[in-house]
Amino acid sequence: MINNMKSYRWLIFVILSTSYILVYFHRLCASVLAVDLMKDLNAGPSLIGLLGSAYFYPYALMQLPAGLLSDSWGARKTITLFFIVAFTGSVMLGLAPTVTWAIIGRAVVGIGVSMLFVPTLKILSEWFAPREFAYMTGILLGMGGIGSLIASTPLVWLSNWVGWRNSFIAIGIVTLFLALLVWIFVRNRPEDKGWVLKSDQVKKEVKEEFKENIKQKNPSDAANTSLFIAVKQVVGSRYFWALAVWFFFDFAIFFSFGGLWGGPYLMHVYAMSKDEAGHILSMMAFGLVVGAPFLTWLSDKIFGQRKPVLIITSIIMIFITALLAFSESIPVWALYIVYFMITVCGNAVGAVVFTMSKELFPIAIAGTATGLANLFPFIGGALFQPFLGYILEKHEKVNDLFTISAYKSAFLPLFICALIAFVAALCSHETMDKN
């Protein structure tokens with residue numbers, strides 16, 4: 001039975017991690033096709049910018065429901081239903097007659113794929129031992145890096161072959177196929193397959209203890225673990241807020257620089273072509289693929305703690321943002337390191353921090369905790385992307401290009417973000433059980 005369960009959980013992980021590749025693919029694919037979209041939809045840069053960001057806002061707003069649905073309705077049902085929603089949005093985008101319909105389709109995609117990451121963490125917490133969770137989360141995030149790679153040159157090839165519209169329709173069909181695989185093969189917990197092990201009994205006892213604590217505080221909630229009480233328990237923890245603040249400011253750096261302004265920075269300040277800038281931007285994908293598993297391994301095997309990894313990466317982020325905010329010129333060879341490390345310390349380390357957010361609370365509310373935590377990175381990115389653009393617009397252009405002075409002014413807030421994230425890391429609580 002144990003061998004069967006171990007084999008089956010890897011089947012589940014393969015399906016879910018492959019689905020996460022698609023989440024990252026949807027997240028980044030608009031930038032590659034931006035020129036085609038502008039031409040075919042007769043839209044300017046502002047509307048295409050809105051089209052790109054239309055993914056992020058609903059994604060952020062859906063993180064709390066993602067956690068609540070994972071804990072109550074079940075992760076398998078949640079992923080399946082919302083991947084069907086993502087399929088619908090992708091097809092809408094491919095068939096959009098106007099930019100307005102394209103924006104709506106992109107937003108529907110954001111809603112659909114928003115229900116993959118948190119429910120997957122919930123499933124991993126049920127199928128894998130606590131000591132394995134951080135490493136599995138690291139591999140999951142690393143698979144997202146593969147999605148970012150596929151959303152570059154391979155997508156260009158596909159769009160050149162069948163057109164951008166058919167590309168989105170094809171992506172939608174793949175999304176629907178993965179939804180079908182999730183429904184057929186994925187199960188929320190080993191008990192759903194009839195496997196009840198000692199570890200499962202421990203989980204059940206922890207869940208019952210959580211309910212008993214609620215009963216002592218409020219007898220009217222004894223029958224069920226109230227979603228409201230679960231949220232209240234999470235947001236009532238000061239250690240959760242330390243992680244939330246870190247997520248907001250640290251990921252604001254990655255999403256605003258790596259997700260938007262890092263490309264124009266290379267082309268404006270260093271006069272790089274799109275291809276030349278693309279070589280450096282690809283380091284972000286490698287940073288995620290390599291960084292997430294490495295940092296979780298560092299946490300689990302070397303330090304035997306989570307917090308040191310969080311503090312070290314936060315310190316590195318301070319140095320990186322200081323370089324961007326105060327340096328007049330960075331050697332091109334060093335830019336490869338900057339883009340790699342800004343992803344390692346601003347995105348890949350999230351695997352460790354999501355594990356910390358889960359370990360702060362009983363497994364009964366693991367989905368709620370990670371869902372609430374996952375809300376803050378996307379709010380940070382959504383707010384700081386336009387904020388940096390606003391700062392850039394305050395500066396004069398030279399030959400229609402922003403100068404190094406303009407970018408240094410825009411990157412100064414990122415340095416401040418790094419300082420705040422470092423303080424939040426110091427205030428976090430060590431969650432790793434050494435027993």
# chains A, B, ... in the order shown; residues from 1 in each chain; ligands from 1
>>> residues_around(residues="Trp183 in chain A", least_positions_apart="2", cutoff="10 Å", atoms="only C-alpha atoms", output="PyMOL selection string")
chain A and resi 76-81+178-181+185-187
>>> closest_atom_pairs(of="range 81-143 of chain A", to="range 356-365 of chain A", cutoff="9 Å", atoms="only C-alpha atoms", output="CSV")
residue,atom,partner,partner_atom,distance
A:Leu121,CA,A:Lys358,CA,8.9
A:Lys122,CA,A:Ile363,CA,8.5
A:Ser125,CA,A:Ile363,CA,7.5
A:Glu126,CA,A:Ile363,CA,8.3
A:Pro130,CA,A:Glu359,CA,8.4
A:Ala134,CA,A:Met356,CA,8.7
>>> closest_residue(among="A:Ser409, A:Asn347, A:Asn4, A:Ser19", to="Phe82 in chain A", atoms="only C-alpha atoms")
A:Ser19
>>> residues_around(residues="Phe354 in chain A", least_positions_apart="3", cutoff="8 Å", atoms="only C-alpha atoms", output="PDB file with C-alpha atoms, in the first residue's frame")
ATOM      1  CA  GLY A 350       8.838  32.205  -2.258  1.00  0.00           C
ATOM      2  CA  ALA A 351       8.912  28.391  -2.045  1.00  0.00           C
ATOM      3  CA  SER A 357       3.046  30.382   5.976  1.00  0.00           C
ATOM      4  CA  LYS A 358       1.692  26.819   5.916  1.00  0.00           C
ATOM      5  CA  THR A 370      -1.279  30.040   1.763  1.00  0.00           C
ATOM      6  CA  ALA A 373      -0.222  34.855   1.779  1.00  0.00           C
ATOM      7  CA  ASN A 374      -0.362  34.550  -2.015  1.00  0.00           C
TER       8      ASN A 374
END
>>> residues_around(residues="Asp40 in chain A", least_positions_apart="2", cutoff="10 Å", atoms="only C-alpha atoms", output="MDAnalysis selection string")
chainID A and resid 35:38 42:43 97:99 164:165
>>> atom_distance(atom1="CA of Leu140 in chain A", atom2="CA of Val14 in chain A")
9.4 Å
>>> select_by_dssp(residues="range 70-255 of chain A", states="alpha helix (DSSP H)", output="ChimeraX atom specification")
/A:75-95,99-113,117-127,130-150,153-162,164-185,198-217,227-235,238-253
>>> residues_around(residues="Phe286 in chain A", least_positions_apart="6", cutoff="9 Å", atoms="only C-alpha atoms", output="PDB file with N, CA and C atoms, in the first residue's frame")
ATOM      1  N   GLY A 142       9.980  25.833  -9.639  1.00  0.00           N
ATOM      2  CA  GLY A 142      10.942  25.638 -10.714  1.00  0.00           C
ATOM      3  C   GLY A 142      10.266  25.281 -12.022  1.00  0.00           C
ATOM      4  N   GLY A 145       9.329  28.190 -13.957  1.00  0.00           N
ATOM      5  CA  GLY A 145      10.402  28.731 -14.782  1.00  0.00           C
ATOM      6  C   GLY A 145      10.408  28.140 -16.176  1.00  0.00           C
ATOM      7  N   ILE A 146      10.057  26.862 -16.280  1.00  0.00           N
ATOM      8  CA  ILE A 146       9.948  26.237 -17.598  1.00  0.00           C
ATOM      9  C   ILE A 146       8.844  26.916 -18.397  1.00  0.00           C
ATOM     10  N   LEU A 149      10.104  30.060 -19.895  1.00  0.00           N
ATOM     11  CA  LEU A 149      10.948  29.798 -21.066  1.00  0.00           C
ATOM     12  C   LEU A 149      10.102  29.478 -22.297  1.00  0.00           C
ATOM     13  N   PHE A 340      19.532  37.185 -12.782  1.00  0.00           N
ATOM     14  CA  PHE A 340      19.418  35.845 -12.194  1.00  0.00           C
ATOM     15  C   PHE A 340      19.101  35.946 -10.702  1.00  0.00           C
ATOM     16  N   THR A 343      15.675  37.210  -9.451  1.00  0.00           N
ATOM     17  CA  THR A 343      14.640  36.174  -9.516  1.00  0.00           C
ATOM     18  C   THR A 343      14.790  35.179  -8.379  1.00  0.00           C
ATOM     19  N   VAL A 344      16.026  34.790  -8.098  1.00  0.00           N
ATOM     20  CA  VAL A 344      16.274  33.861  -6.988  1.00  0.00           C
ATOM     21  C   VAL A 344      15.783  34.464  -5.672  1.00  0.00           C
TER      22      VAL A 344
END
>>> closest_residue(among="A:Glu132, A:Asp71, A:Asp400, A:Glu430", to="His268 in chain A", atoms="only C-alpha atoms")
A:Asp400
>>> atom_distance(atom1="CA of Ile315 in chain A", atom2="CA of Cys417 in chain A")
11.8 Å
